[in-house]
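Novice: Structure incoming, see below.
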Amino acid sequence: MAQISIFFGSVYGNAEQLAEQVASKLKEKGHDAQVIAEPQMDDFQMAEELLFISSTTGQGDIPPNLEGFILDLQSRFPLLHGKEFAVVGLGDSSYGDTYCGAGRSIFALLEELQGTAKAPLLQVDACETLEPAEEVLPWIDEIYG
Ligand SMILES: Cc1cc2nc3c(=O)[nH]c(=O)nc-3n(C[C@H](O)[C@H](O)[C@H](O)COP(=O)(O)O)c2cc1C
């Protein structure tokens with residue numbers, strides 16, 4: 001059993017709803033999963049494993065509810081010493097170069113902080129998937145044994 005803290009970035013609620021669905025799935029699998037609504041540095045540092053689920057807004061930007069925390073991580077740079085993480089990016093490929101920009105920058109930051117990726121970034125394209133959980137829950141099953 002793992003303790004997994006789930007951080008979400010969401011403007012219209014898709015990623016937030018997905019975070020709740022993922023938490024239920026992880027609990028069903030016997031893990032201790034917690035969705036963190038207002039992340040503080042302690043939530044990040046005390047977590048056994050990290051899972052970020054973020055949509056992209058603007059032009060490749062992180063949603064406002066998560067942006068301040070990510071800026072905090074960038075400036076305080078708390079090293080992860082190999083702690084495991086995973087990232088799900090929600091986006092829309094019709095945005096071209098900024099497709100899943102938030103998920104990509106969060107993934108890159110967690111690598112810079114010396115975390116260990118459990119899997120490559122999962123990018124979910126709103127052009128192809130109306131219901132992100134259909135793609136994400138089987139992926140969760142696969143990477144969290
Ligand atoms: C104003 C706006 C800007 C967006 N910009 C991007 C973008 O730059 N890249 C991308 O991949 N998706 C972009 N999207 C698509 C969203 O990331 C996608 O619809 C996502 O499912 C929204 O999830 P949320 O409800 O959790 O915010 C944008 C959507 C809106 C409405």
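For the structure tokens, the naming scheme is as follows: chains receive sequential letters (A, B, ...) according to their order of presentation, residues are indexed from 1 within each chain, and ligands are indexed from 1 in presentation order.
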Please provide the set of residues having any atom within 8 Å of Val87 of chain A, restricted to only C-alpha atoms, with same-chain residues fewer than 4 positions apart removed, written as a PyMOL selection string.

Specialist: chain A and resi 51-54+103+106-107+120-122

Novice: For Leu137 of chain A, work out the shell of residues within 8 Å, counting only C-alpha atoms and skipping chain neighbours fewer than 3 positions away, then give it as a list of chain:residue names.

Specialist: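 So the residues in contact are A:Val22, A:Lys25, A:Ala133, A:Glu134, A:Ile140, A:Asp141.
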
Novice: Fewer than 3 positions away in the same chain doesn't count, so skip those; otherwise give me all residues within 8 Å of Ala15 of chain A, counting only C-alpha atoms, as a list of chain:residue names.

Specialist: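 In the requested format, the answer is A:Phe8, A:Gly9, A:Ser10, A:Leu18, A:Ala19, A:Ile53, A:Ser54, A:Ser55, A:Leu90.
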
Novice: Which residue out of A:Arg104, A:His81, A:Lys27, A:Lys118 has the minimum interatomic distance to Asp61 of chain A when only C-alpha atoms are used?

Specialist: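 Under the stated criterion, the closest residue is A:Arg104.
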
Novice: Taking only C-alpha atoms and all ligand atoms into account, which residues are within 10 Å of ligand 1, as an MDAnalysis selection string?

Specialist: chainID A and resid 8:19 53:64 89:104 123:127 129:132

Novice: Mind writing the picked residues with N, CA and C atoms as a short mmCIF file (atom, residue, chain, number, x, y, z; two decimals), in the first residue's frame?

Specialist:
data_model
loop_
_atom_site.label_atom_id
_atom_site.label_comp_id
_atom_site.auth_asym_id
_atom_site.auth_seq_id
_atom_site.Cartn_x
_atom_site.Cartn_y
_atom_site.Cartn_z
N PHE A 8 -4.13 18.93 -8.07
CA PHE A 8 -4.78 19.16 -9.36
C PHE A 8 -4.72 20.64 -9.76
N GLY A 9 -4.66 20.86 -11.07
CA GLY A 9 -4.78 22.20 -11.63
C GLY A 9 -5.97 22.17 -12.56
N SER A 10 -6.97 23.02 -12.29
CA SER A 10 -8.22 22.92 -13.05
C SER A 10 -8.88 24.28 -13.15
N VAL A 11 -9.40 24.60 -14.34
CA VAL A 11 -10.13 25.86 -14.52
C VAL A 11 -11.63 25.60 -14.51
N TYR A 12 -12.06 24.62 -15.31
CA TYR A 12 -13.50 24.38 -15.47
C TYR A 12 -13.98 23.12 -14.75
N GLY A 13 -13.07 22.44 -14.05
CA GLY A 13 -13.49 21.32 -13.22
C GLY A 13 -13.18 19.93 -13.77
N ASN A 14 -12.72 19.84 -15.03
CA ASN A 14 -12.43 18.50 -15.57
C ASN A 14 -11.34 17.79 -14.77
N ALA A 15 -10.22 18.49 -14.58
CA ALA A 15 -9.09 17.85 -13.89
C ALA A 15 -9.43 17.61 -12.42
N GLU A 16 -10.21 18.50 -11.84
CA GLU A 16 -10.59 18.32 -10.43
C GLU A 16 -11.47 17.08 -10.27
N GLN A 17 -12.45 16.94 -11.17
CA GLN A 17 -13.33 15.77 -11.11
C GLN A 17 -12.53 14.49 -11.33
N LEU A 18 -11.60 14.57 -12.28
CA LEU A 18 -10.75 13.41 -12.57
C LEU A 18 -9.91 13.05 -11.33
N ALA A 19 -9.40 14.05 -10.64
CA ALA A 19 -8.59 13.80 -9.43
C ALA A 19 -9.42 13.02 -8.40
N ILE A 53 -2.40 16.14 -11.56
CA ILE A 53 -3.37 16.04 -12.65
C ILE A 53 -3.72 17.47 -13.01
N SER A 54 -3.29 17.92 -14.20
CA SER A 54 -3.50 19.33 -14.51
C SER A 54 -3.95 19.56 -15.94
N SER A 55 -4.94 20.40 -16.08
CA SER A 55 -5.30 20.88 -17.41
C SER A 55 -4.33 22.01 -17.78
N THR A 56 -4.45 22.50 -19.01
CA THR A 56 -3.65 23.63 -19.48
C THR A 56 -4.59 24.76 -19.83
N THR A 57 -4.20 25.96 -19.46
CA THR A 57 -5.05 27.11 -19.78
C THR A 57 -4.21 28.17 -20.53
N GLY A 58 -4.87 29.24 -20.93
CA GLY A 58 -4.15 30.32 -21.63
C GLY A 58 -3.40 29.78 -22.83
N GLN A 59 -2.11 30.05 -22.88
CA GLN A 59 -1.27 29.49 -23.95
C GLN A 59 -0.20 28.63 -23.31
N GLY A 60 -0.60 27.41 -22.95
CA GLY A 60 0.34 26.48 -22.32
C GLY A 60 0.54 26.74 -20.84
N ASP A 61 -0.40 27.44 -20.20
CA ASP A 61 -0.20 27.85 -18.80
C ASP A 61 -0.83 26.90 -17.79
N ILE A 62 -0.29 26.96 -16.58
CA ILE A 62 -0.83 26.18 -15.46
C ILE A 62 -2.05 26.92 -14.90
N PRO A 63 -3.14 26.20 -14.59
CA PRO A 63 -4.34 26.86 -14.05
C PRO A 63 -4.03 27.66 -12.78
N PRO A 64 -4.72 28.78 -12.61
CA PRO A 64 -4.44 29.67 -11.47
C PRO A 64 -4.46 28.97 -10.11
N GLY A 89 -1.66 15.09 -17.85
CA GLY A 89 -1.96 16.40 -18.42
C GLY A 89 -3.24 16.32 -19.25
N LEU A 90 -4.19 17.21 -18.94
CA LEU A 90 -5.38 17.32 -19.80
C LEU A 90 -5.14 18.49 -20.74
N GLY A 91 -5.43 18.30 -22.01
CA GLY A 91 -5.24 19.39 -22.96
C GLY A 91 -6.08 19.19 -24.19
N ASP A 92 -5.75 19.96 -25.19
CA ASP A 92 -6.52 19.94 -26.42
C ASP A 92 -5.52 20.18 -27.56
N SER A 93 -5.36 19.15 -28.40
CA SER A 93 -4.29 19.22 -29.41
C SER A 93 -4.54 20.31 -30.44
N SER A 94 -5.77 20.86 -30.48
CA SER A 94 -6.01 21.95 -31.45
C SER A 94 -5.25 23.22 -31.03
N TYR A 95 -4.69 23.24 -29.80
CA TYR A 95 -3.87 24.39 -29.38
C TYR A 95 -2.44 24.30 -29.90
N GLY A 96 -2.12 23.23 -30.63
CA GLY A 96 -0.81 23.14 -31.30
C GLY A 96 0.34 23.01 -30.33
N ASP A 97 1.32 23.92 -30.44
CA ASP A 97 2.57 23.83 -29.67
C ASP A 97 2.36 23.87 -28.16
N THR A 98 1.26 24.45 -27.72
CA THR A 98 1.06 24.56 -26.27
C THR A 98 0.26 23.36 -25.73
N TYR A 99 0.07 22.34 -26.58
CA TYR A 99 -0.69 21.16 -26.16
C TYR A 99 -0.11 20.58 -24.86
N CYS A 100 -0.95 20.46 -23.86
CA CYS A 100 -0.57 19.91 -22.55
C CYS A 100 0.65 20.59 -21.95
N GLY A 101 0.80 21.87 -22.23
CA GLY A 101 1.97 22.63 -21.75
C GLY A 101 2.11 22.58 -20.23
N ALA A 102 1.00 22.66 -19.51
CA ALA A 102 1.08 22.65 -18.04
C ALA A 102 1.61 21.29 -17.56
N GLY A 103 1.03 20.21 -18.07
CA GLY A 103 1.48 18.87 -17.68
C GLY A 103 2.95 18.68 -18.00
N ARG A 104 3.36 19.18 -19.17
CA ARG A 104 4.77 19.01 -19.56
C ARG A 104 5.69 19.80 -18.63
N GLN A 123 -0.71 12.24 -21.55
CA GLN A 123 -1.39 13.40 -22.12
C GLN A 123 -2.76 12.97 -22.64
N VAL A 124 -3.81 13.66 -22.19
CA VAL A 124 -5.16 13.29 -22.59
C VAL A 124 -5.73 14.43 -23.43
N ASP A 125 -6.08 14.08 -24.66
CA ASP A 125 -6.49 15.07 -25.65
C ASP A 125 -8.02 15.20 -25.69
N ALA A 126 -8.52 16.39 -25.35
CA ALA A 126 -9.98 16.62 -25.35
C ALA A 126 -10.56 16.45 -26.75
N CYS A 127 -9.73 16.55 -27.79
CA CYS A 127 -10.22 16.34 -29.16
C CYS A 127 -10.56 14.87 -29.41
N THR A 129 -10.89 12.40 -26.58
CA THR A 129 -11.53 11.73 -25.45
C THR A 129 -12.51 12.67 -24.76
N LEU A 130 -13.77 12.33 -24.78
CA LEU A 130 -14.76 13.17 -24.09
C LEU A 130 -14.75 12.92 -22.59
N GLU A 131 -14.39 11.68 -22.24
CA GLU A 131 -14.42 11.29 -20.83
C GLU A 131 -13.01 10.87 -20.42
N PRO A 132 -12.19 11.81 -19.87
CA PRO A 132 -10.79 11.49 -19.57
C PRO A 132 -10.61 10.27 -18.67
#
